[in-house]
file input23.csv (CSV, C-alpha atoms)
chain,number,residue,atom,x,y,z
H,297,MET,CA,120.5,85.9,101.1
H,298,ARG,CA,120.7,82.1,101.3
H,299,GLY,CA,119.4,80.0,104.2
H,300,GLY,CA,122.6,80.1,106.2
H,301,GLU,CA,123.2,83.8,105.8
H,302,PHE,CA,120.6,84.7,108.4
H,303,LEU,CA,122.3,87.9,109.7
H,304,ASP,CA,120.0,90.8,109.5
H,305,LYS,CA,121.0,94.1,107.8
H,306,LEU,CA,120.5,97.5,109.2
H,307,THR,CA,120.2,100.6,107.1
H,308,TRP,CA,121.8,103.9,108.2
H,309,ILE,CA,120.3,106.9,106.5
H,310,ASP,CA,122.0,110.3,106.2
H,311,GLU,CA,119.8,113.0,107.5
H,312,GLU,CA,120.2,115.2,104.4
H,313,LEU,CA,119.1,112.2,102.3
H,314,ILE,CA,115.9,111.8,104.3
H,315,GLU,CA,115.1,115.5,104.1
H,316,GLU,CA,115.7,115.5,100.3
H,317,ALA,CA,113.6,112.4,99.9
H,318,ASP,CA,110.8,113.9,102.0
H,319,ARG,CA,110.8,117.0,99.9
H,320,ALA,CA,110.6,114.8,96.8
H,321,GLY,CA,107.8,112.8,98.3
H,322,ASN,CA,105.7,115.9,99.1
H,323,ALA,CA,106.2,117.1,95.6
H,324,GLN,CA,105.1,113.8,94.2
H,325,VAL,CA,101.9,113.8,96.3
H,326,GLN,CA,101.1,117.3,95.0
H,327,ARG,CA,101.6,116.2,91.4
H,328,LYS,CA,99.3,113.2,92.0
H,329,CYS,CA,96.6,115.4,93.4
H,330,LYS,CA,96.8,117.8,90.5
H,331,LYS,CA,96.3,114.9,88.2
H,332,GLY,CA,93.2,113.8,90.0
H,333,ALA,CA,94.3,110.6,91.7
H,334,TRP,CA,91.2,109.2,93.5
H,335,PRO,CA,91.0,107.3,96.8
H,336,GLY,CA,91.6,103.5,96.4
H,337,SER,CA,92.6,103.6,92.7
H,338,ARG,CA,92.5,100.2,90.9
H,339,ARG,CA,95.6,101.2,89.1
H,340,ARG,CA,97.6,101.6,92.3
H,341,LEU,CA,96.1,98.4,93.6
H,342,ALA,CA,96.9,96.4,90.4
H,343,VAL,CA,100.6,97.4,90.5
H,344,TRP,CA,100.9,97.0,94.2
H,345,ALA,CA,101.5,100.6,95.0
H,346,GLY,CA,99.9,100.8,97.9
H,347,THR,CA,97.6,100.4,100.5
H,348,ILE,CA,96.3,100.5,103.9
H,349,ALA,CA,99.3,98.8,105.6
H,350,ALA,CA,101.9,100.9,107.4
H,351,CYS,CA,105.0,101.9,105.4
H,352,LEU,CA,107.5,99.5,107.0
H,353,CYS,CA,109.9,99.0,104.1
H,354,ILE,CA,113.2,97.3,103.3
H,355,ALA,CA,115.7,99.9,102.1
H,356,LEU,CA,116.9,99.4,98.6
H,357,ALA,CA,117.9,103.0,97.9
H,358,GLY,CA,121.3,103.8,96.4
H,359,GLY,CA,123.8,105.7,98.5
H,360,LEU,CA,122.9,103.9,101.7
H,361,ALA,CA,125.5,102.3,103.9
H,362,ILE,CA,124.5,98.8,105.1
H,363,ARG,CA,126.1,96.9,107.9
H,364,HIS,CA,125.5,93.4,109.2
H,365,PHE,CA,123.5,92.6,112.3
H,366,PRO,CA,125.8,91.6,115.2
H,367,GLU,CA,126.6,87.9,115.2
H,368,GLY,CA,125.5,85.6,117.9
H,369,GLU,CA,123.2,88.0,119.7
H,370,HIS,CA,120.5,85.3,120.0
H,371,PRO,CA,120.9,81.6,119.7
H,372,VAL,CA,119.4,79.6,116.8
H,373,GLN,CA,116.5,77.7,118.2
H,374,LYS,CA,115.4,74.2,117.3
H,375,TRP,CA,111.9,73.7,115.8
H,376,SER,CA,109.5,71.2,117.3
H,377,ALA,CA,106.0,70.2,116.2
H,378,SER,CA,104.6,71.5,119.5
H,379,MET,CA,106.4,74.9,119.2
H,380,PRO,CA,103.8,77.8,119.4
H,381,ALA,CA,103.7,80.1,116.5
H,382,GLU,CA,104.8,83.1,118.5
H,383,ASP,CA,108.1,81.4,119.2
H,384,TYR,CA,109.2,82.0,115.6
H,385,PHE,CA,109.4,85.6,116.8
H,386,LYS,CA,110.7,84.9,120.3
H,387,TYR,CA,113.6,87.4,120.3
H,388,ASN,CA,111.8,90.1,118.3
H,389,GLU,CA,109.7,91.7,121.0
H,390,THR,CA,111.2,95.2,121.5
H,391,PRO,CA,112.0,95.9,125.2
H,392,GLY,CA,111.8,99.2,126.9
H,393,GLU,CA,110.4,102.3,125.4
H,394,GLU,CA,108.1,102.3,122.4
H,395,GLN,CA,109.9,103.0,119.1
H,396,GLU,CA,108.8,105.3,116.3
H,397,THR,CA,109.4,105.0,112.6
H,398,SER,CA,111.2,107.5,110.3
H,399,SER,CA,110.3,107.2,106.6
H,400,SER,CA,111.5,108.7,103.4
H,401,ILE,CA,111.0,108.1,99.6
H,402,ALA,CA,113.1,105.2,98.3
H,403,ASP,CA,114.9,105.5,95.0
H,404,SER,CA,114.5,101.8,94.0
H,405,THR,CA,113.6,100.3,90.7
H,406,ALA,CA,112.0,96.9,89.8
H,407,PRO,CA,114.6,94.2,89.2
H,408,TYR,CA,112.4,92.6,86.6
H,409,ALA,CA,111.2,93.5,83.1
H,410,TYR,CA,107.6,92.2,82.8
H,411,THR,CA,104.6,91.5,85.1
H,412,ARG,CA,101.7,89.2,84.5
H,413,TYR,CA,98.7,88.4,86.8
H,414,PHE,CA,97.0,85.1,87.7
H,415,SER,CA,94.5,86.6,90.1
H,416,GLY,CA,91.5,85.2,88.3
H,417,GLU,CA,92.7,81.6,88.9
H,418,ARG,CA,92.2,81.5,92.6
H,419,GLY,CA,89.8,78.6,92.4
H,420,GLU,CA,92.1,76.6,90.1
H,421,LEU,CA,95.1,77.3,92.3
H,422,GLU,CA,93.3,76.1,95.4
H,423,THR,CA,92.1,73.0,93.7
H,424,GLU,CA,95.6,72.2,92.5
H,425,GLN,CA,96.9,72.9,96.1
H,426,VAL,CA,99.2,75.6,94.9
H,427,ILE,CA,97.7,77.9,97.5
H,428,PRO,CA,95.7,77.2,100.6
H,429,PRO,CA,92.0,78.2,100.8
H,430,MET,CA,91.4,81.4,102.8
H,431,GLU,CA,87.6,81.9,103.1
H,432,THR,CA,88.0,84.8,105.6
H,433,ARG,CA,90.1,86.9,103.2
H,434,PRO,CA,88.0,87.5,100.1
H,435,VAL,CA,90.4,89.5,98.0
H,436,PHE,CA,93.2,87.6,96.2
H,437,PHE,CA,96.1,88.7,93.9
H,438,CYS,CA,98.7,86.7,92.2
H,439,GLN,CA,101.5,88.6,90.5
H,440,ALA,CA,104.3,87.0,88.6
H,441,ASN,CA,107.4,89.0,87.5
H,442,TYR,CA,109.8,88.0,84.7
H,443,ASN,CA,113.2,88.8,83.4
H,444,GLU,CA,114.0,90.2,80.0
H,445,ASP,CA,114.3,86.6,78.6
H,446,GLY,CA,110.8,85.7,79.9
H,447,ASN,CA,112.0,83.5,82.7
H,448,LEU,CA,110.3,83.9,86.0
H,449,TYR,CA,112.0,86.2,88.5
H,450,SER,CA,109.5,86.1,91.3
H,451,ILE,CA,105.9,85.4,92.1
H,452,SER,CA,103.6,86.6,94.9
H,453,PHE,CA,100.3,85.5,96.3
H,454,SER,CA,98.4,87.9,98.6
H,455,TRP,CA,95.1,87.7,100.5
H,456,HIS,CA,93.3,90.8,101.8
H,457,ARG,CA,90.5,91.7,104.1
H,458,GLN,CA,89.2,95.2,104.6
H,459,GLY,CA,87.1,96.6,107.4
H,460,SER,CA,87.8,98.0,110.8
H,461,MET,CA,91.3,98.3,112.3
H,462,GLU,CA,90.6,95.0,114.1
H,463,GLU,CA,89.4,93.2,111.0
H,464,TYR,CA,92.1,94.3,108.5
H,465,SER,CA,94.4,91.7,107.1
H,466,ASN,CA,97.1,91.5,104.4
H,467,LEU,CA,99.0,88.2,104.1
H,468,GLU,CA,101.5,87.6,101.3
H,469,ILE,CA,103.9,85.0,100.0
H,470,THR,CA,106.8,86.0,97.8
H,471,ALA,CA,108.9,83.3,96.2
H,472,GLY,CA,111.5,82.8,93.5
H,473,TYR,CA,114.4,80.6,92.4
H,474,GLY,CA,116.7,82.8,94.5
H,475,GLU,CA,116.4,85.8,96.9
H,476,VAL,CA,113.9,88.3,95.7
H,477,GLU,CA,114.4,92.0,95.9
H,478,LYS,CA,111.2,93.8,96.6
H,479,PRO,CA,111.2,97.4,95.3
H,480,GLU,CA,109.7,99.7,97.9
H,481,ASP,CA,108.0,103.1,97.8
H,482,CYS,CA,109.8,104.3,101.0
H,483,VAL,CA,112.7,103.8,103.3
H,484,SER,CA,111.6,103.1,106.9
H,485,VAL,CA,113.7,102.6,110.0
H,486,ALA,CA,113.0,102.4,113.8
H,487,VAL,CA,114.3,105.2,115.9
H,488,ASP,CA,114.2,105.9,119.7
H,489,GLU,CA,113.0,109.1,121.4
H,490,LYS,CA,116.3,110.8,120.6
H,491,GLY,CA,116.1,110.0,116.9
H,492,ASN,CA,118.8,107.3,117.1
H,493,ILE,CA,118.3,104.3,114.7
H,494,VAL,CA,117.4,101.2,116.7
H,495,GLU,CA,118.8,97.9,115.5
H,496,PRO,CA,115.9,95.4,114.8
H,497,SER,CA,116.1,92.0,116.4
H,498,VAL,CA,115.7,88.7,114.5
H,499,THR,CA,114.9,85.2,115.5
H,500,VAL,CA,116.3,82.2,113.7
H,501,THR,CA,114.8,78.8,113.9
H,502,GLU,CA,116.3,75.6,112.4
H,503,ARG,CA,113.6,73.3,111.0
H,504,ASP,CA,114.6,70.1,109.2
H,505,GLY,CA,118.0,71.5,108.7
H,506,ILE,CA,116.7,74.8,107.1
H,507,LEU,CA,117.1,78.2,108.8
H,508,ILE,CA,113.9,80.3,109.1
H,509,THR,CA,114.5,84.0,109.8
H,510,ALA,CA,111.8,86.0,111.5
H,511,ARG,CA,111.7,89.8,111.5
H,512,GLY,CA,109.2,92.2,113.0
H,513,ASN,CA,106.8,91.7,116.0
H,514,ARG,CA,103.2,92.2,117.0
H,515,LYS,CA,103.7,95.8,118.0
H,516,GLY,CA,102.3,97.5,114.9
H,517,GLU,CA,105.0,96.1,112.6
H,518,THR,CA,105.0,94.2,109.4
H,519,LYS,CA,106.3,90.7,110.1
H,520,THR,CA,108.2,88.3,107.8
H,521,LEU,CA,109.3,84.7,107.9
H,522,THR,CA,112.1,83.9,105.3
H,523,PHE,CA,113.7,80.7,104.3
H,524,GLU,CA,115.4,79.0,101.4
H,525,ASN,CA,115.4,75.3,100.5
H,526,GLU,CA,116.2,73.2,97.4
H,527,ALA,CA,112.8,74.3,95.9
H,528,GLY,CA,113.4,78.0,96.1
H,529,TRP,CA,113.5,81.2,98.2
H,530,TYR,CA,110.3,82.0,100.2
H,531,GLN,CA,109.1,84.9,102.3
H,532,ILE,CA,105.8,85.1,104.2
H,533,GLU,CA,104.7,88.6,105.2
H,534,GLY,CA,101.9,89.6,107.5
H,535,SER,CA,100.6,93.0,108.2
H,536,TRP,CA,100.7,94.8,111.6
H,537,ASN,CA,97.3,93.2,112.3
H,538,ASP,CA,98.0,89.6,111.2
H,539,ALA,CA,98.6,87.0,113.9
H,540,TYR,CA,101.7,84.9,114.3
H,541,GLU,CA,99.4,81.8,114.0
H,542,ASP,CA,98.2,82.9,110.5
H,543,MET,CA,101.8,83.2,109.3
H,544,ALA,CA,102.8,79.9,110.9
H,545,GLU,CA,99.9,78.2,109.0
H,546,LEU,CA,101.3,79.6,105.7
H,547,LEU,CA,104.7,78.4,106.6
H,548,ASP,CA,103.5,74.9,107.3
H,549,TRP,CA,101.6,74.9,104.0
H,550,LEU,CA,104.7,75.9,102.0
H,551,TRP,CA,106.7,73.2,103.9
H,552,GLU,CA,104.4,70.6,102.4
H,553,HIS,CA,103.6,72.4,99.1
H,554,PRO,CA,106.6,73.9,97.4
H,555,ILE,CA,105.6,76.1,94.5
H,556,ASP,CA,106.0,74.8,91.0
H,557,PHE,CA,107.3,77.9,89.3
H,558,ALA,CA,106.8,76.2,85.9
H,559,ARG,CA,103.1,76.5,86.6
H,560,PHE,CA,103.2,80.2,85.8
H,561,PRO,CA,104.6,80.8,82.2
H,562,MET,CA,104.5,84.4,81.2
H,563,GLU,CA,102.3,83.8,78.1
H,564,ALA,CA,99.6,82.3,80.4
H,565,GLY,CA,99.2,85.4,82.6
H,566,ASP,CA,97.1,88.5,82.2
H,567,ALA,CA,98.9,91.7,81.1
H,568,TYR,CA,97.5,95.0,82.4
H,569,THR,CA,98.4,98.4,80.8
H,570,TYR,CA,97.2,101.9,81.4
H,571,VAL,CA,96.4,104.4,78.7
H,572,GLU,CA,94.7,107.7,78.3
H,573,ARG,CA,91.0,107.7,77.2
H,574,GLU,CA,91.9,109.5,74.0
H,575,ASP,CA,93.7,106.3,72.9
H,576,PHE,CA,90.4,104.4,73.0
H,577,PRO,CA,87.8,107.1,72.5
H,578,GLU,CA,85.0,104.6,71.9
H,579,ALA,CA,85.6,102.6,75.1
H,580,PHE,CA,82.6,102.5,77.4
H,581,ALA,CA,80.7,104.8,75.0
H,582,GLY,CA,77.4,105.9,76.6
H,583,TYR,CA,78.5,105.0,80.1
H,584,ILE,CA,80.7,108.0,80.9
H,585,PRO,CA,78.7,111.2,81.6
H,586,ASP,CA,79.6,114.5,79.9
H,587,PHE,CA,80.7,116.4,82.9
H,588,THR,CA,81.1,119.6,80.9
H,589,ILE,CA,77.3,120.2,81.1
H,590,TRP,CA,77.8,120.9,84.9
H,591,GLY,CA,80.8,123.1,84.1
H,592,TYR,CA,83.4,120.5,85.1
H,593,GLU,CA,86.6,120.0,83.3
H,594,ALA,CA,88.3,116.6,83.0
H,595,THR,CA,91.7,116.7,84.7
H,596,SER,CA,92.4,113.0,84.2
H,597,GLU,CA,90.7,110.3,82.1
H,598,SER,CA,92.4,106.9,81.9
H,599,LEU,CA,91.7,103.3,81.0
H,600,THR,CA,92.9,100.0,82.3
H,601,LEU,CA,93.5,97.4,79.5
H,602,LYS,CA,93.6,93.7,80.2
H,603,ASN,CA,95.4,91.9,77.4
H,604,GLY,CA,94.8,95.0,75.2
H,605,GLU,CA,91.1,95.3,75.9
H,606,PRO,CA,89.5,98.1,78.1
H,607,VAL,CA,88.2,96.7,81.4
H,608,SER,CA,87.9,99.8,83.6
H,609,PHE,CA,87.8,103.6,83.4
H,610,GLU,CA,88.8,106.4,85.9
H,611,GLY,CA,88.0,110.0,85.4
H,612,CYS,CA,88.6,113.0,87.6
H,613,TYR,CA,86.6,116.2,87.0
H,614,GLU,CA,87.1,119.6,88.7
H,615,ASP,CA,85.7,123.1,88.7
H,616,GLU,CA,87.2,125.9,90.8
H,617,GLY,CA,85.2,126.5,93.9
H,618,ARG,CA,83.3,123.2,93.8
H,619,PRO,CA,84.1,119.7,95.0
H,620,SER,CA,85.9,117.4,92.7
H,621,VAL,CA,84.1,114.4,91.3
H,622,TRP,CA,85.5,111.0,90.2
H,623,TRP,CA,83.7,108.6,88.0
H,624,VAL,CA,85.0,105.0,88.1
H,625,LEU,CA,83.6,102.2,85.9
H,626,GLU,CA,84.6,98.5,86.2
H,627,SER,CA,83.7,95.7,83.9
H,628,GLU,CA,85.3,93.2,86.3
H,629,PRO,CA,84.2,94.4,89.8
H,630,GLY,CA,85.9,93.1,92.9
H,631,PHE,CA,84.5,91.6,96.1
H,632,TYR,CA,84.1,94.9,97.9
H,633,ASP,CA,82.7,96.7,94.8
H,634,LEU,CA,79.8,94.2,94.8
H,635,GLU,CA,79.4,94.3,98.6
H,636,ASP,CA,78.9,98.1,98.5
H,637,ASN,CA,76.5,97.9,95.6
H,638,LEU,CA,73.3,99.8,96.2
H,639,GLY,CA,71.5,98.1,93.3
H,640,ASP,CA,70.9,98.7,89.6
H,641,LEU,CA,70.9,102.3,88.4
H,642,GLY,CA,67.1,102.2,87.6
H,643,GLU,CA,66.3,101.1,91.2
H,644,LEU,CA,68.3,103.9,93.0
H,645,THR,CA,66.4,106.4,95.1
H,646,GLN,CA,67.6,109.7,96.5
H,647,GLU,CA,66.9,108.4,100.0
H,648,ALA,CA,69.2,105.3,99.5
H,649,VAL,CA,71.9,107.5,98.0
H,650,THR,CA,71.8,110.0,100.8
H,651,GLU,CA,71.9,107.2,103.5
H,652,ALA,CA,74.9,105.5,101.8
H,653,LEU,CA,76.8,108.8,101.8
H,654,HIS,CA,76.6,109.1,105.6
H,655,GLY,CA,80.2,108.9,106.7
H,656,GLU,CA,81.3,108.0,103.1
H,657,GLN,CA,82.3,110.0,100.1
H,658,HIS,CA,81.2,107.6,97.4
H,659,ILE,CA,78.4,105.4,96.2
H,660,THR,CA,78.4,102.2,94.2
H,661,PHE,CA,75.8,100.9,91.8
H,662,THR,CA,75.5,98.6,88.7
H,663,TRP,CA,74.6,99.8,85.2
H,664,ASP,CA,74.0,97.3,82.4
H,665,GLY,CA,76.5,94.8,83.9
H,666,PHE,CA,79.1,97.5,84.8
H,667,CYS,CA,80.0,98.5,88.3
H,668,VAL,CA,80.1,102.3,88.8
H,669,ARG,CA,81.5,104.3,91.7
H,670,ILE,CA,81.1,108.0,92.1
H,671,TYR,CA,83.4,109.7,94.5
H,672,MET,CA,83.2,113.3,95.6
H,673,GLY,CA,85.6,115.7,97.4
H,674,SER,CA,85.3,116.4,101.1
H,675,THR,CA,83.0,119.3,100.5
H,676,GLY,CA,80.6,117.4,98.3
H,677,THR,CA,77.0,116.8,99.1
H,678,PRO,CA,74.5,114.0,98.5
H,679,GLU,CA,72.5,116.4,96.3
H,680,LEU,CA,75.6,116.6,94.0
H,681,ILE,CA,75.8,112.9,93.6
H,682,TRP,CA,72.1,112.4,93.2
H,683,GLY,CA,72.1,115.1,90.4
H,684,ILE,CA,74.7,113.0,88.5
H,685,VAL,CA,72.7,109.8,89.0
H,686,GLU,CA,69.5,111.4,87.7
H,687,SER,CA,71.3,112.7,84.6
H,688,VAL,CA,72.3,109.2,83.5
H,689,ARG,CA,69.1,107.3,84.4
call {"tool": "encode", "arguments": {"input": "input23.csv", "output": "structure tokens"}}
result
Amino acid sequence: MRGGEFLDKLTWIDEELIEEADRAGNAQVQRKCKKGAWPGSRRRLAVWAGTIAACLCIALAGGLAIRHFPEGEHPVQKWSASMPAEDYFKYNETPGEEQETSSSIADSTAPYAYTRYFSGERGELETEQVIPPMETRPVFFCQANYNEDGNLYSISFSWHRQGSMEEYSNLEITAGYGEVEKPEDCVSVAVDEKGNIVEPSVTVTERDGILITARGNRKGETKTLTFENEAGWYQIEGSWNDAYEDMAELLDWLWEHPIDFARFPMEAGDAYTYVEREDFPEAFAGYIPDFTIWGYEATSESLTLKNGEPVSFEGCYEDEGRPSVWWVLESEPGFYDLEDNLGDLGELTQEAVTEALHGEQHITFTWDGFCVRIYMGSTGTPELIWGIVESVR
């Protein structure tokens, strides 16, 4: 959708399609559990499957009828340097009764062929003024997607902060030469108390002759600012917990710093792939316990490869009647891995492990430069985790 085509689109979903998608989604969750997917998997994080934010998705599923948002419902407002950030979303506040959201699994596929990551170049990108510095959001990802011919399809930059409900943040910029389709895991629409689909409002602002379309509002929704100029197509997305001011700051940055897409050739990015442990049986030798000595059976053991080399391991181990155990090993730990670190393996004490497990189901420690997380099922005990720690000391 180009700059002048600012009319919103509303998705109407047949009830039978929703029910069928819900059944498929439940089956998918069951399959994942049987395979031993563990909470907060790096794999899901690396491929942007998911996360803490609410599932407020753009529908790309086949078989859905789409109609245009009514023309002329709200006037196009003129931007001014003194305009407060909230005015970008002036007409988006939902009047009357609170709305609920109805979601179902989306049958969408990625419109690109390859993906590469530039997440490790945060410092360089900030120095080059490709992205703004964001000290309060410690986690950064940069994902570039490419067509079959190797040309860039889209690129996204995202900044994250974990913590309490009040602290959480997830800001993202998506850009491309033209409009970018974002494949989603689910279809989500607003409905009233009677189950009728509610048309979302949009606010359109003209700034320097360019139309900026705002969707969503502060009431627990994902929010977006979308525009297109001669440099490309851009969309800024903020989570339900991100302020209008944070999004407006990103908008002002992009206004002065258009992205140089040529800065991100496919051959310069990092390629991540996922394989079974049996494909690289010697990977992390000596750093993965033999859980069979406790009577556990491996239900899933996989490796993450970065440019063909193993950089992380995930294993799920189960035994009927006992809590499941996950062993996760990282050679390139993230910010929160290091923040949760209890110390080196040789320094751990049973008291420290027990205290760390109060209200949690995992511990984190370092071992010869690797970062290790041990997760346990909801019925697990500190004694179980401490027994594993003692066995590898």
call {"tool": "atom_distance", "arguments": {"input": "input23.csv", "atom1": "CA of Glu369 in chain H", "atom2": "CA of Phe385 in chain H"}}
result
14.3 Å
call {"tool": "closest_residue", "arguments": {"input": "input23.csv", "among": "H:Ile584, H:Glu593, H:Phe560, H:Thr645", "to": "Glu616 in chain H", "atoms": "only C-alpha atoms"}}
result
H:Glu593
call {"tool": "residues_around", "arguments": {"input": "input23.csv", "residues": "range 413-423 of chain H", "least_positions_apart": "5", "cutoff": "7 Å", "atoms": "all atoms listed in the file", "output": "list in words"}}
result
Pro428, Pro429, Phe436, Phe437, Cys438, Gln439, Ala440, Gly565, Asp566 and Ala567 of chain H
call {"tool": "closest_atom_pairs", "arguments": {"input": "input23.csv", "of": "range 550-666 of chain H", "to": "range 508-527 of chain H", "cutoff": "12 Å", "atoms": "only C-alpha atoms", "output": "JSON lines"}}
result
{"residue": "H:Leu550", "atom": "CA", "partner": "H:Ala527", "partner_atom": "CA", "distance": 10.3}
{"residue": "H:Trp551", "atom": "CA", "partner": "H:Asn525", "partner_atom": "CA", "distance": 9.6}
{"residue": "H:Glu552", "atom": "CA", "partner": "H:Ala527", "partner_atom": "CA", "distance": 11.2}
{"residue": "H:His553", "atom": "CA", "partner": "H:Ala527", "partner_atom": "CA", "distance": 9.9}
{"residue": "H:Pro554", "atom": "CA", "partner": "H:Ala527", "partner_atom": "CA", "distance": 6.4}
{"residue": "H:Ile555", "atom": "CA", "partner": "H:Ala527", "partner_atom": "CA", "distance": 7.6}
{"residue": "H:Asp556", "atom": "CA", "partner": "H:Ala527", "partner_atom": "CA", "distance": 8.4}
{"residue": "H:Phe557", "atom": "CA", "partner": "H:Ala527", "partner_atom": "CA", "distance": 9.3}
{"residue": "H:Ala558", "atom": "CA", "partner": "H:Ala527", "partner_atom": "CA", "distance": 11.8}
call {"tool": "closest_residue", "arguments": {"input": "input23.csv", "among": "H:Asp538, H:Arg669, H:Phe609, H:Arg559", "to": "Glu424 in chain H", "atoms": "all atoms listed in the file"}}
result
H:Arg559
call {"tool": "closest_residue", "arguments": {"input": "input23.csv", "among": "H:Asn603, H:Asn537, H:Thr499, H:Thr470", "to": "Gln458 in chain H", "atoms": "only C-alpha atoms"}}
result
H:Asn537
call {"tool": "residues_around", "arguments": {"input": "input23.csv", "residues": "Asp445 in chain H", "least_positions_apart": "4", "cutoff": "12 Å", "atoms": "all atoms listed in the file", "output": "ChimeraX atom specification"}}
result
/H:408-410,441,449,561-562
call {"tool": "closest_residue", "arguments": {"input": "input23.csv", "among": "H:Met461, H:Gly491, H:Leu641, H:Pro606", "to": "Glu578 in chain H", "atoms": "all atoms listed in the file"}}
result
H:Pro606
call {"tool": "closest_residue", "arguments": {"input": "input23.csv", "among": "H:Gly665, H:Glu541, H:Gly459, H:Ile681", "to": "Val621 in chain H", "atoms": "all atoms listed in the file"}}
result
H:Ile681
call {"tool": "atom_distance", "arguments": {"input": "input23.csv", "atom1": "CA of Ile670 in chain H", "atom2": "CA of Val607 in chain H"}}
result
17.1 Å
call {"tool": "atom_distance", "arguments": {"input": "input23.csv", "atom1": "CA of Glu475 in chain H", "atom2": "CA of Trp529 in chain H"}}
result
5.6 Å
call {"tool": "residues_around", "arguments": {"input": "input23.csv", "residues": "Tyr583 in chain H", "least_positions_apart": "3", "cutoff": "10 Å", "atoms": "all atoms listed in the file", "output": "list in words"}}
result
Ala579, Phe580, Asp586, Phe609, Leu625, Trp663, Asp664, Phe666, Val668 and Val688 of chain H
call {"tool": "residues_around", "arguments": {"input": "input23.csv", "residues": "Pro380 in chain H", "least_positions_apart": "5", "cutoff": "12 Å", "atoms": "all atoms listed in the file", "output": "count of residues only"}}
result
10
call {"tool": "closest_residue", "arguments": {"input": "input23.csv", "among": "H:Val571, H:Cys667, H:Val372, H:Leu634", "to": "Glu605 in chain H", "atoms": "all atoms listed in the file"}}
result
H:Val571
call {"tool": "residues_around", "arguments": {"input": "input23.csv", "residues": "Arg457 in chain H", "least_positions_apart": "2", "cutoff": "6 Å", "atoms": "all atoms listed in the file", "output": "list in words"}}
result
Arg433, Tyr464 and Ser465 of chain H
call {"tool": "build_atoms", "arguments": {"input": "input23.csv", "residues": "range 635-646 of chain H", "atoms": "N, CA, C and O atoms", "output": "tab-separated table (two decimals), in the coordinates of the input"}}
result
chain	number	residue	atom	x	y	z
H	635	GLU	N	79.99	94.20	97.23
H	635	GLU	CA	79.40	94.30	98.60
H	635	GLU	C	78.83	95.66	98.85
H	635	GLU	O	77.84	95.78	99.57
H	636	ASP	N	79.42	96.71	98.28
H	636	ASP	CA	78.90	98.10	98.50
H	636	ASP	C	77.79	98.44	97.53
H	636	ASP	O	77.23	99.54	97.62
H	637	ASN	N	77.46	97.55	96.61
H	637	ASN	CA	76.50	97.90	95.60
H	637	ASN	C	75.12	98.21	96.14
H	637	ASN	O	74.52	97.44	96.89
H	638	LEU	N	74.61	99.39	95.76
H	638	LEU	CA	73.30	99.80	96.20
H	638	LEU	C	72.16	99.23	95.35
H	638	LEU	O	70.98	99.32	95.70
H	639	GLY	N	72.52	98.65	94.20
H	639	GLY	CA	71.50	98.10	93.30
H	639	GLY	C	71.71	98.64	91.90
H	639	GLY	O	72.67	99.36	91.60
H	640	ASP	N	70.79	98.28	91.03
H	640	ASP	CA	70.90	98.70	89.60
H	640	ASP	C	70.51	100.20	89.54
H	640	ASP	O	69.72	100.73	90.35
H	641	LEU	N	71.07	100.87	88.55
H	641	LEU	CA	70.90	102.30	88.40
H	641	LEU	C	69.37	102.67	88.37
H	641	LEU	O	68.95	103.64	89.02
H	642	GLY	N	68.56	101.89	87.69
H	642	GLY	CA	67.10	102.20	87.60
H	642	GLY	C	66.38	102.06	88.90
H	642	GLY	O	65.26	102.57	89.03
H	643	GLU	N	66.99	101.37	89.88
H	643	GLU	CA	66.30	101.10	91.20
H	643	GLU	C	66.74	102.15	92.23
H	643	GLU	O	66.17	102.15	93.33
H	644	LEU	N	67.75	102.98	91.97
H	644	LEU	CA	68.30	103.90	93.00
H	644	LEU	C	67.24	104.96	93.36
H	644	LEU	O	66.50	105.45	92.50
H	645	THR	N	67.24	105.29	94.63
H	645	THR	CA	66.40	106.40	95.10
H	645	THR	C	67.28	107.41	95.79
H	645	THR	O	68.39	107.11	96.24
H	646	GLN	N	66.79	108.65	95.87
H	646	GLN	CA	67.60	109.70	96.50
H	646	GLN	C	67.78	109.36	98.00
H	646	GLN	O	68.85	109.64	98.54
